[in-house]
file my_file-v3.txt (compact mmCIF, C-alpha atoms and all ligand atoms)
# COMPACT_ATOMS: atom_id res chain seq x y z
CA MET A 1 2.57 -2.12 32.08
CA THR A 2 4.07 -0.99 28.80
CA LYS A 3 2.41 -2.38 25.75
CA GLU A 4 4.46 -4.75 23.67
CA TYR A 5 4.05 -5.60 20.01
CA ASN A 6 5.65 -8.37 17.97
CA ILE A 7 6.55 -7.23 14.50
CA SER A 8 7.66 -9.73 11.87
CA VAL A 9 10.06 -8.16 9.44
CA ILE A 10 10.65 -9.38 5.90
CA PRO A 11 13.30 -7.06 4.48
CA GLY A 12 13.23 -8.99 1.18
CA ASP A 13 15.12 -8.13 -1.98
CA GLY A 14 17.17 -5.31 -3.43
CA THR A 15 16.82 -2.06 -1.53
CA GLY A 16 14.17 -3.58 0.77
CA PRO A 17 16.62 -4.23 3.64
CA GLU A 18 18.05 -0.69 3.42
CA VAL A 19 14.73 1.09 3.66
CA VAL A 20 13.32 -1.28 6.27
CA ALA A 21 16.36 -0.60 8.48
CA GLU A 22 15.45 3.10 8.47
CA GLY A 23 11.82 2.32 9.21
CA ILE A 24 12.89 0.24 12.20
CA LYS A 25 15.20 3.00 13.37
CA VAL A 26 12.27 5.42 13.37
CA LEU A 27 9.92 2.88 14.97
CA GLU A 28 12.36 2.23 17.81
CA THR A 29 12.75 5.95 18.39
CA VAL A 30 9.03 6.61 18.51
CA ALA A 31 8.31 3.55 20.66
CA CYS A 32 10.82 4.82 23.20
CA LYS A 33 9.24 8.26 23.15
CA CYS A 34 5.67 7.00 23.46
CA ASP A 35 6.44 4.30 25.97
CA PHE A 36 5.60 1.05 24.26
CA SER A 37 7.92 -1.65 23.04
CA LEU A 38 8.39 -3.39 19.73
CA ASN A 39 10.01 -6.79 19.27
CA PHE A 40 11.28 -7.28 15.76
CA ASN A 41 11.76 -10.75 14.30
CA ASN A 42 13.54 -10.90 10.98
CA TYR A 43 12.74 -13.42 8.28
CA HIS A 44 15.07 -13.67 5.32
CA LEU A 45 12.87 -14.45 2.38
CA GLY A 46 13.33 -13.33 -1.20
CA GLY A 47 15.50 -13.90 -4.25
CA GLU A 48 18.81 -14.60 -2.50
CA HIS A 49 17.23 -17.02 -0.08
CA PHE A 50 15.42 -18.77 -2.93
CA LYS A 51 18.61 -19.07 -4.98
CA ALA A 52 20.55 -20.46 -2.07
CA THR A 53 17.94 -22.88 -0.70
CA GLY A 54 15.14 -23.30 -3.24
CA GLU A 55 12.73 -22.24 -0.51
CA ILE A 56 10.16 -19.51 -1.20
CA LEU A 57 7.79 -19.20 1.78
CA PRO A 58 7.42 -22.34 3.91
CA ASP A 59 4.03 -23.10 5.46
CA ASN A 60 5.40 -23.35 8.99
CA LEU A 61 6.66 -19.79 8.67
CA LEU A 62 3.11 -18.67 7.88
CA GLU A 63 2.04 -20.16 11.19
CA THR A 64 4.81 -18.25 12.95
CA LEU A 65 3.89 -14.98 11.21
CA ALA A 66 0.28 -15.50 12.23
CA LYS A 67 1.33 -14.94 15.84
CA SER A 68 2.67 -11.46 15.17
CA ASP A 69 0.88 -8.15 15.59
CA ALA A 70 1.96 -6.97 12.15
CA ILE A 71 4.28 -7.74 9.27
CA TYR A 72 6.69 -5.12 7.96
CA LEU A 73 7.93 -5.83 4.45
CA GLY A 74 10.62 -4.21 2.32
CA ALA A 75 10.40 -5.37 -1.29
CA ILE A 76 10.06 -8.58 -3.26
CA GLY A 77 11.53 -9.22 -6.73
CA HIS A 78 14.96 -10.32 -7.93
CA PRO A 79 16.53 -9.88 -11.40
CA ASP A 80 17.83 -13.48 -11.46
CA VAL A 81 14.47 -15.04 -10.61
CA LYS A 82 11.75 -15.43 -13.23
CA PRO A 83 9.01 -12.80 -12.68
CA GLY A 84 6.07 -14.23 -10.81
CA ILE A 85 7.84 -16.80 -8.65
CA LEU A 86 8.67 -14.52 -5.75
CA GLU A 87 5.84 -12.05 -6.27
CA LYS A 88 3.22 -14.79 -6.24
CA GLY A 89 5.10 -17.09 -3.89
CA ILE A 90 5.78 -14.50 -1.20
CA LEU A 91 3.92 -11.21 -1.55
CA LEU A 92 0.61 -12.49 -2.91
CA LYS A 93 0.77 -15.63 -0.78
CA LEU A 94 1.04 -13.47 2.33
CA ARG A 95 -1.80 -11.17 1.24
CA PHE A 96 -4.03 -14.16 0.50
CA TYR A 97 -3.08 -16.35 3.45
CA PHE A 98 -3.74 -13.56 5.94
CA ASP A 99 -6.82 -12.49 3.99
CA GLN A 100 -5.56 -8.92 3.82
CA TYR A 101 -8.49 -7.87 1.71
CA ILE A 102 -7.76 -4.17 1.71
CA ASN A 103 -4.80 -2.55 0.06
CA LEU A 104 -4.82 0.97 1.43
CA ARG A 105 -2.75 3.48 -0.50
CA PRO A 106 -2.71 7.07 0.71
CA VAL A 107 -1.67 9.60 -1.91
CA LYS A 108 -0.52 12.81 -0.34
CA LEU A 109 1.74 15.45 -1.82
CA TYR A 110 3.79 16.78 1.06
CA GLU A 111 5.10 20.31 1.12
CA GLY A 112 8.55 20.59 -0.41
CA VAL A 113 8.00 17.66 -2.76
CA GLU A 114 7.66 18.39 -6.44
CA THR A 115 4.81 16.93 -8.46
CA PRO A 116 5.00 16.61 -12.24
CA LEU A 117 1.53 18.16 -12.39
CA LYS A 118 1.86 21.78 -13.37
CA GLY A 119 0.02 24.21 -11.12
CA LYS A 120 -0.90 21.58 -8.50
CA GLY A 121 0.24 21.60 -4.89
CA PRO A 122 -0.30 19.87 -1.54
CA ASP A 123 -3.86 21.24 -1.31
CA ASP A 124 -4.76 19.50 -4.55
CA ILE A 125 -3.23 16.08 -4.01
CA ASP A 126 -4.55 14.34 -0.92
CA PHE A 127 -6.61 11.21 -1.43
CA THR A 128 -6.57 7.50 -0.66
CA VAL A 129 -7.13 4.52 -2.90
CA VAL A 130 -8.86 1.51 -1.35
CA ARG A 131 -7.84 -1.40 -3.53
CA GLU A 132 -9.42 -4.83 -3.18
CA ASN A 133 -6.48 -7.11 -2.42
CA THR A 134 -7.43 -10.79 -2.57
CA GLU A 135 -9.55 -11.32 -5.67
CA GLY A 136 -9.97 -10.13 -9.26
CA LEU A 137 -7.33 -11.01 -11.80
CA TYR A 138 -4.90 -11.67 -8.96
CA ALA A 139 -6.83 -14.69 -7.72
CA GLY A 140 -4.87 -16.88 -10.12
CA ALA A 141 -7.85 -18.42 -11.90
CA GLY A 142 -7.23 -19.64 -15.41
CA GLY A 143 -4.74 -21.75 -17.23
CA CYS A 144 -3.23 -22.53 -20.54
CA LEU A 145 -3.50 -25.23 -23.14
CA LYS A 146 -0.99 -26.36 -25.71
CA ARG A 147 1.56 -23.89 -24.43
CA GLY A 148 4.21 -22.96 -26.95
CA THR A 149 2.28 -24.33 -29.94
CA LEU A 150 0.35 -22.46 -32.61
CA ASP A 151 -2.86 -23.66 -30.96
CA GLU A 152 -1.99 -22.15 -27.62
CA VAL A 153 -4.81 -20.84 -25.45
CA ALA A 154 -4.29 -18.70 -22.33
CA ILE A 155 -7.10 -17.74 -20.00
CA GLN A 156 -6.81 -15.48 -16.97
CA GLU A 157 -10.07 -14.88 -15.19
CA SER A 158 -11.14 -12.18 -12.79
CA ILE A 159 -12.81 -13.62 -9.69
CA ASN A 160 -15.23 -11.31 -7.88
CA THR A 161 -17.26 -12.61 -4.99
CA ARG A 162 -20.18 -10.81 -3.45
CA LYS A 163 -18.56 -11.14 -0.04
CA GLY A 164 -15.17 -9.92 -1.22
CA VAL A 165 -16.59 -6.95 -3.10
CA GLU A 166 -18.94 -5.95 -0.32
CA ARG A 167 -16.37 -5.99 2.47
CA CYS A 168 -14.03 -3.88 0.38
CA ILE A 169 -16.70 -1.33 -0.51
CA ARG A 170 -17.88 -1.18 3.09
CA TYR A 171 -14.34 -0.59 4.31
CA ALA A 172 -14.01 2.28 1.81
CA PHE A 173 -17.20 3.93 3.07
CA GLU A 174 -16.14 3.58 6.69
CA TYR A 175 -12.69 4.91 5.86
CA CYS A 176 -14.13 7.87 3.97
CA ARG A 177 -16.40 8.70 6.89
CA LYS A 178 -13.57 8.44 9.40
CA ARG A 179 -11.23 10.49 7.24
CA ASN A 180 -13.88 13.17 7.28
CA LYS A 181 -12.48 15.36 4.51
CA ARG A 182 -14.37 15.79 1.27
CA LYS A 183 -16.58 12.81 2.06
CA LYS A 184 -16.56 11.74 -1.55
CA LEU A 185 -16.30 8.17 -2.69
CA PRO A 186 -16.28 7.29 -6.36
CA PHE A 187 -16.09 3.66 -7.33
CA CYS A 188 -13.70 3.00 -10.19
CA GLY A 189 -14.43 0.20 -12.63
CA LYS A 190 -15.12 -0.57 -16.26
CA THR A 191 -18.87 -1.15 -16.37
CA ASN A 192 -19.02 -0.45 -20.09
CA VAL A 193 -16.93 -3.48 -21.03
CA LEU A 194 -16.43 -5.81 -18.05
CA THR A 195 -20.15 -6.20 -17.67
CA PHE A 196 -20.12 -9.25 -15.38
CA ALA A 197 -17.55 -8.28 -12.80
CA PHE A 198 -18.41 -4.62 -12.53
CA ASP A 199 -22.12 -5.27 -12.62
CA LEU A 200 -21.61 -7.12 -9.34
CA TRP A 201 -19.48 -4.24 -8.06
CA GLU A 202 -22.00 -1.64 -9.14
CA ARG A 203 -25.01 -3.37 -7.58
CA THR A 204 -23.12 -3.96 -4.35
CA PHE A 205 -21.89 -0.37 -4.26
CA ASN A 206 -25.41 0.94 -4.82
CA GLU A 207 -26.72 -1.17 -1.97
CA VAL A 208 -24.04 -0.18 0.51
CA VAL A 209 -24.45 3.51 -0.41
CA GLU A 210 -27.85 3.44 1.28
CA GLU A 211 -26.16 3.05 4.66
CA TYR A 212 -23.94 6.10 4.17
CA PRO A 213 -26.14 9.10 3.33
CA ASP A 214 -23.39 11.44 4.55
CA ILE A 215 -21.05 10.35 1.76
CA GLU A 216 -21.27 11.67 -1.76
CA THR A 217 -20.82 8.88 -4.27
CA ASP A 218 -19.97 8.68 -7.92
CA TYR A 219 -18.75 6.30 -10.56
CA ALA A 220 -15.83 6.60 -12.98
CA HIS A 221 -14.35 4.24 -15.53
CA VAL A 222 -10.75 3.36 -14.78
CA ASP A 223 -9.43 5.05 -17.91
CA ALA A 224 -11.25 8.25 -17.00
CA ILE A 225 -9.90 8.08 -13.44
CA CYS A 226 -6.38 8.08 -14.90
CA MET A 227 -7.22 11.15 -16.92
CA TRP A 228 -8.75 13.03 -14.00
CA MET A 229 -6.05 12.05 -11.59
CA VAL A 230 -3.67 14.00 -13.79
CA LYS A 231 -6.01 16.82 -14.72
CA ASN A 232 -7.97 17.37 -11.49
CA PRO A 233 -6.47 15.41 -8.60
CA GLU A 234 -8.23 17.80 -6.19
CA TRP A 235 -11.52 16.09 -7.03
CA PHE A 236 -10.51 12.96 -5.14
CA ASP A 237 -10.95 12.03 -1.52
CA VAL A 238 -11.26 8.23 -1.43
CA ILE A 239 -11.47 5.91 -4.44
CA VAL A 240 -12.55 2.27 -4.22
CA THR A 241 -11.62 -0.19 -6.94
CA ASP A 242 -10.69 -3.77 -7.76
CA ASN A 243 -7.27 -5.38 -7.44
CA MET A 244 -5.91 -4.89 -10.95
CA PHE A 245 -7.18 -1.37 -11.49
CA GLY A 246 -6.01 -0.45 -8.01
CA ASP A 247 -2.54 -1.71 -8.83
CA ILE A 248 -2.36 0.42 -11.96
CA ILE A 249 -3.88 3.66 -10.71
CA THR A 250 -1.74 3.67 -7.57
CA ASP A 251 1.48 3.70 -9.59
CA LEU A 252 0.13 6.72 -11.44
CA ALA A 253 -0.90 8.21 -8.11
CA ALA A 254 2.56 7.54 -6.64
CA MET A 255 4.10 9.64 -9.38
CA ILE A 256 1.92 12.65 -8.68
CA GLN A 257 2.82 12.51 -4.98
CA GLY A 258 6.53 12.64 -5.73
CA GLY A 259 7.48 9.12 -6.76
CA MET A 260 7.99 5.63 -5.40
CA GLY A 261 10.30 6.90 -2.71
CA ILE A 262 7.30 8.46 -0.99
CA ALA A 263 4.41 6.04 -1.62
CA ALA A 264 3.45 3.72 1.23
CA GLY A 265 0.77 1.07 1.46
CA ALA A 266 -0.96 -1.26 3.87
CA ASN A 267 -2.36 -4.72 3.27
CA ILE A 268 -5.09 -4.87 5.84
CA ASN A 269 -7.16 -7.57 7.42
CA PRO A 270 -9.15 -5.57 9.98
CA GLU A 271 -9.69 -8.72 12.04
CA GLY A 272 -6.29 -10.31 11.53
CA VAL A 273 -2.62 -9.76 10.76
CA SER A 274 -1.88 -6.84 8.45
CA MET A 275 1.24 -6.12 6.43
CA PHE A 276 2.87 -2.79 5.69
CA GLU A 277 5.19 -1.95 2.83
CA PRO A 278 6.55 0.78 0.62
CA ILE A 279 4.71 0.28 -2.66
CA GLY A 280 7.80 0.52 -4.86
CA GLY A 281 9.79 -2.50 -5.95
CA SER A 282 13.22 -3.84 -5.04
CA ALA A 283 15.08 -1.34 -7.29
CA PRO A 284 18.06 -3.64 -8.01
CA LYS A 285 19.90 -0.79 -9.74
CA TYR A 286 20.19 1.14 -6.50
CA THR A 287 20.83 -1.76 -4.14
CA GLY A 288 23.55 -1.28 -1.56
CA LYS A 289 24.28 2.29 -2.61
CA ASN A 290 22.65 3.97 0.39
CA ILE A 291 20.87 6.41 -1.92
CA ILE A 292 17.30 5.14 -2.04
CA ASN A 293 14.65 7.24 -0.33
CA PRO A 294 13.38 5.44 2.80
CA ILE A 295 10.41 7.80 3.35
CA ALA A 296 7.94 5.34 1.78
CA ALA A 297 9.08 2.62 4.21
CA ILE A 298 8.96 5.08 7.10
CA SER A 299 5.43 6.13 6.16
CA ALA A 300 4.46 2.46 5.91
CA ALA A 301 5.67 2.12 9.49
CA GLN A 302 3.47 5.08 10.38
CA ILE A 303 0.38 3.38 8.95
CA MET A 304 1.36 0.25 10.85
CA LEU A 305 1.26 2.13 14.15
CA GLU A 306 -2.11 3.64 13.27
CA ILE A 307 -3.54 0.21 12.57
CA ILE A 308 -2.07 -1.61 15.57
CA GLY A 309 -3.39 1.11 17.84
CA GLU A 310 -0.63 3.65 18.47
CA PRO A 311 -2.06 6.74 16.74
CA LYS A 312 -0.02 9.22 18.78
CA ALA A 313 3.23 7.56 17.78
CA ALA A 314 2.02 7.39 14.18
CA SER A 315 1.43 11.11 14.11
CA TRP A 316 4.93 11.73 15.44
CA ILE A 317 6.27 9.83 12.46
CA GLU A 318 4.12 11.78 10.05
CA GLU A 319 5.21 15.06 11.57
CA GLY A 320 8.83 13.98 11.19
CA VAL A 321 8.27 13.02 7.57
CA ILE A 322 6.54 16.34 6.88
CA LYS A 323 9.37 18.31 8.46
CA VAL A 324 12.16 16.41 6.72
CA LEU A 325 10.50 16.62 3.30
CA ARG A 326 9.78 20.31 3.72
CA ASP A 327 13.01 21.52 5.30
CA ASP A 328 15.77 19.05 4.58
CA LEU A 329 15.46 16.90 1.49
CA LYS A 330 15.99 18.51 -1.86
CA ASP A 331 14.98 17.13 -5.20
CA VAL A 332 13.07 14.06 -4.01
CA ALA A 333 11.07 13.41 -7.16
CA ALA A 334 14.23 13.46 -9.26
CA GLY A 335 15.91 11.02 -6.86
CA LYS A 336 18.49 13.52 -5.63
CA MET A 337 17.67 13.97 -1.96
CA GLY A 338 21.00 15.46 -0.91
CA TYR A 339 21.17 12.87 1.90
CA SER A 340 21.90 9.16 2.11
CA THR A 341 19.25 6.59 2.97
CA GLN A 342 20.60 6.33 6.51
CA GLU A 343 20.78 10.09 6.96
CA VAL A 344 17.11 10.46 6.01
CA GLY A 345 16.22 7.89 8.68
CA ASP A 346 18.41 9.79 11.14
CA LEU A 347 16.68 13.09 10.33
CA VAL A 348 13.21 11.69 10.98
CA ALA A 349 14.36 9.95 14.16
CA GLU A 350 16.07 13.12 15.36
CA TYR A 351 12.92 15.15 14.86
CA ILE A 352 10.97 12.67 16.96
CA THR A 353 13.56 12.56 19.72
CA LYS A 354 13.77 16.34 19.98
CA GLY A 355 10.12 17.12 19.38
C1 LIG A 401 2.15 -3.83 -5.79
C2 LIG A 401 3.02 -4.65 -6.68
C3 LIG A 401 2.53 -6.09 -6.64
C4 LIG A 401 1.08 -6.07 -7.14
C5 LIG A 401 3.37 -7.09 -7.44
C6 LIG A 401 4.84 -7.05 -7.05
C7 LIG A 401 2.84 -8.48 -7.34
O1 LIG A 401 3.04 -4.13 -7.96
O2 LIG A 401 2.16 -4.06 -4.57
O3 LIG A 401 1.45 -2.94 -6.30
O4 LIG A 401 0.85 -6.13 -8.35
O5 LIG A 401 0.20 -6.01 -6.30
MN MN A 402 1.89 -2.34 -8.19

call {"tool": "encode", "arguments": {"input": "my_file-v3.txt", "output": "structure tokens"}}
result
Amino acid sequence: MTKEYNISVIPGDGTGPEVVAEGIKVLETVACKCDFSLNFNNYHLGGEHFKATGEILPDNLLETLAKSDAIYLGAIGHPDVKPGILEKGILLKLRFYFDQYINLRPVKLYEGVETPLKGKGPDDIDFTVVRENTEGLYAGAGGCLKRGTLDEVAIQESINTRKGVERCIRYAFEYCRKRNKRKKLPFCGKTNVLTFAFDLWERTFNEVVEEYPDIETDYAHVDAICMWMVKNPEWFDVIVTDNMFGDIITDLAAMIQGGMGIAAGANINPEGVSMFEPIGGSAPKYTGKNIINPIAAISAAQIMLEIIGEPKAASWIEEGVIKVLRDDLKDVAAGKMGYSTQEVGDLVAEYITKG
């Protein structure tokens, strides 16, 4: 019997629907080739839906999504909606509700893609950031007093639980071992200033290390990581860090791999429902123009197949992406691909069909 997977799709805002359509095109092609089937269910959430109905993400929809094998998301964020409403109400709510405690962000410079780093190439830029995805400053702890007055107080606290930190660190070690490349895992924090949170991280890291003698470990402050990522990206294999730092360093990392059009991510609950997305935003400026690069969304689809258990199909997608970036697309980093969004999807799909 052919395997069947139910994929919930949230195209979302801005260019989200355009790039997700190309991801689905590629997924359908590879499913056909590898003999499994994918049922896509679309859910129209995001800025337009909110403006029209006042609804952000209803609880009964969460129950529906819980029945799927994976969630495939385009982008969340709308220029007419106050920042925070949709991001917290949809994206973070999904990450938290499904306890997707890992945000996995591979950073790989593919051949044919230009990096702004002088003298660096594909051999130098190939690492993965394991970002904690449910705690830290994102947990929403804090509040304000006397808002808008001269006596105003605003507090935003970073929540770090032993359980949350440990499962993230453990995942990073396992991932590093499985990846089997440089077998190096630095933990990125700020132990010289944030002495409560990163003390917990450091002690936990040092305990878990004991179970992984095959992995070389290290520590780097987050500011230093930013410096080294630019100066010596070849030092990195896997990096583990908290939610906020992971957010920041992966935008920097996205730039050195050729930009937001390339960078994909996965919000993973290894025991539950995971969600896959291009890490860039909704890019309102480019919406509807058929010019945005869908490779990030296509690579997110690739990670989805790896995680749901179709590694062969996933590697077809990666091969297609590699070929198209190397042989077809032009100035990707500068946003001038020489092809439309749909044509890029067609090129990847065509490679898979013919290959
Ligand atoms: C990301 C995004 C989100 C984050 C925003 C949109 C809430 O920047 O996925 O990196 O900060 O996690
Ligand atoms: Mn971000």

call {"tool": "residues_around", "arguments": {"input": "my_file-v3.txt", "residues": "A:Asp214", "least_positions_apart": "4", "cutoff": "10 Å", "atoms": "only C-alpha atoms", "output": "JSON, numbers by chain"}}
result
{"A": [173, 176, 177, 183, 184, 209, 210]}

call {"tool": "closest_residue", "arguments": {"input": "my_file-v3.txt", "among": "A:Gly121, A:Pro311, A:Gly280, A:Gly12", "to": "ligand MN 402 (chain A)", "atoms": "only C-alpha atoms and all ligand atoms"}}
result
A:Gly280

call {"tool": "atom_distance", "arguments": {"input": "my_file-v3.txt", "atom1": "atom CA of A:Phe205", "atom2": "atom CA of A:Arg182"}}
result
18.7 Å

call {"tool": "residues_near_ligand", "arguments": {"input": "my_file-v3.txt", "ligand": "ligand LIG 401 (chain A)", "cutoff": "9 Å", "atoms": "all atoms listed in the file", "output": "number ranges by chain"}}
result
A: 75-77, 84, 86-88, 91-92, 103, 133, 138, 243-244, 246-248, 250-251, 265, 277-281

call {"tool": "atom_distance", "arguments": {"input": "my_file-v3.txt", "atom1": "atom CA of A:Leu325", "atom2": "atom CA of A:Tyr5"}}
result
28.5 Å

call {"tool": "residues_around", "arguments": {"input": "my_file-v3.txt", "residues": "A:Ala296", "least_positions_apart": "4", "cutoff": "7 Å", "atoms": "all atoms listed in the file", "output": "PyMOL selection string"}}
result
chain A and resi 261-264+278+300

call {"tool": "closest_residue", "arguments": {"input": "my_file-v3.txt", "among": "A:Ala283, A:Ile249, A:Leu329, A:Ile308", "to": "ligand MN 402 (chain A)", "atoms": "only C-alpha atoms and all ligand atoms"}}
result
A:Ile249

call {"tool": "closest_residue", "arguments": {"input": "my_file-v3.txt", "among": "A:Glu319, A:Glu271, A:Glu111, A:Glu63", "to": "A:Leu94", "atoms": "only C-alpha atoms"}}
result
A:Glu63

call {"tool": "atom_distance", "arguments": {"input": "my_file-v3.txt", "atom1": "atom CA of A:Ser282", "atom2": "atom CA of A:His78"}}
result
7.3 Å

call {"tool": "closest_residue", "arguments": {"input": "my_file-v3.txt", "among": "A:Phe96, A:Tyr212, A:Tyr351, A:Phe245", "to": "ligand MN 402 (chain A)", "atoms": "only C-alpha atoms and all ligand atoms"}}
result
A:Phe245

call {"tool": "closest_residue", "arguments": {"input": "my_file-v3.txt", "among": "A:Leu38, A:Ala253, A:Met337, A:Val344", "to": "ligand MN 402 (chain A)", "atoms": "all atoms listed in the file"}}
result
A:Ala253
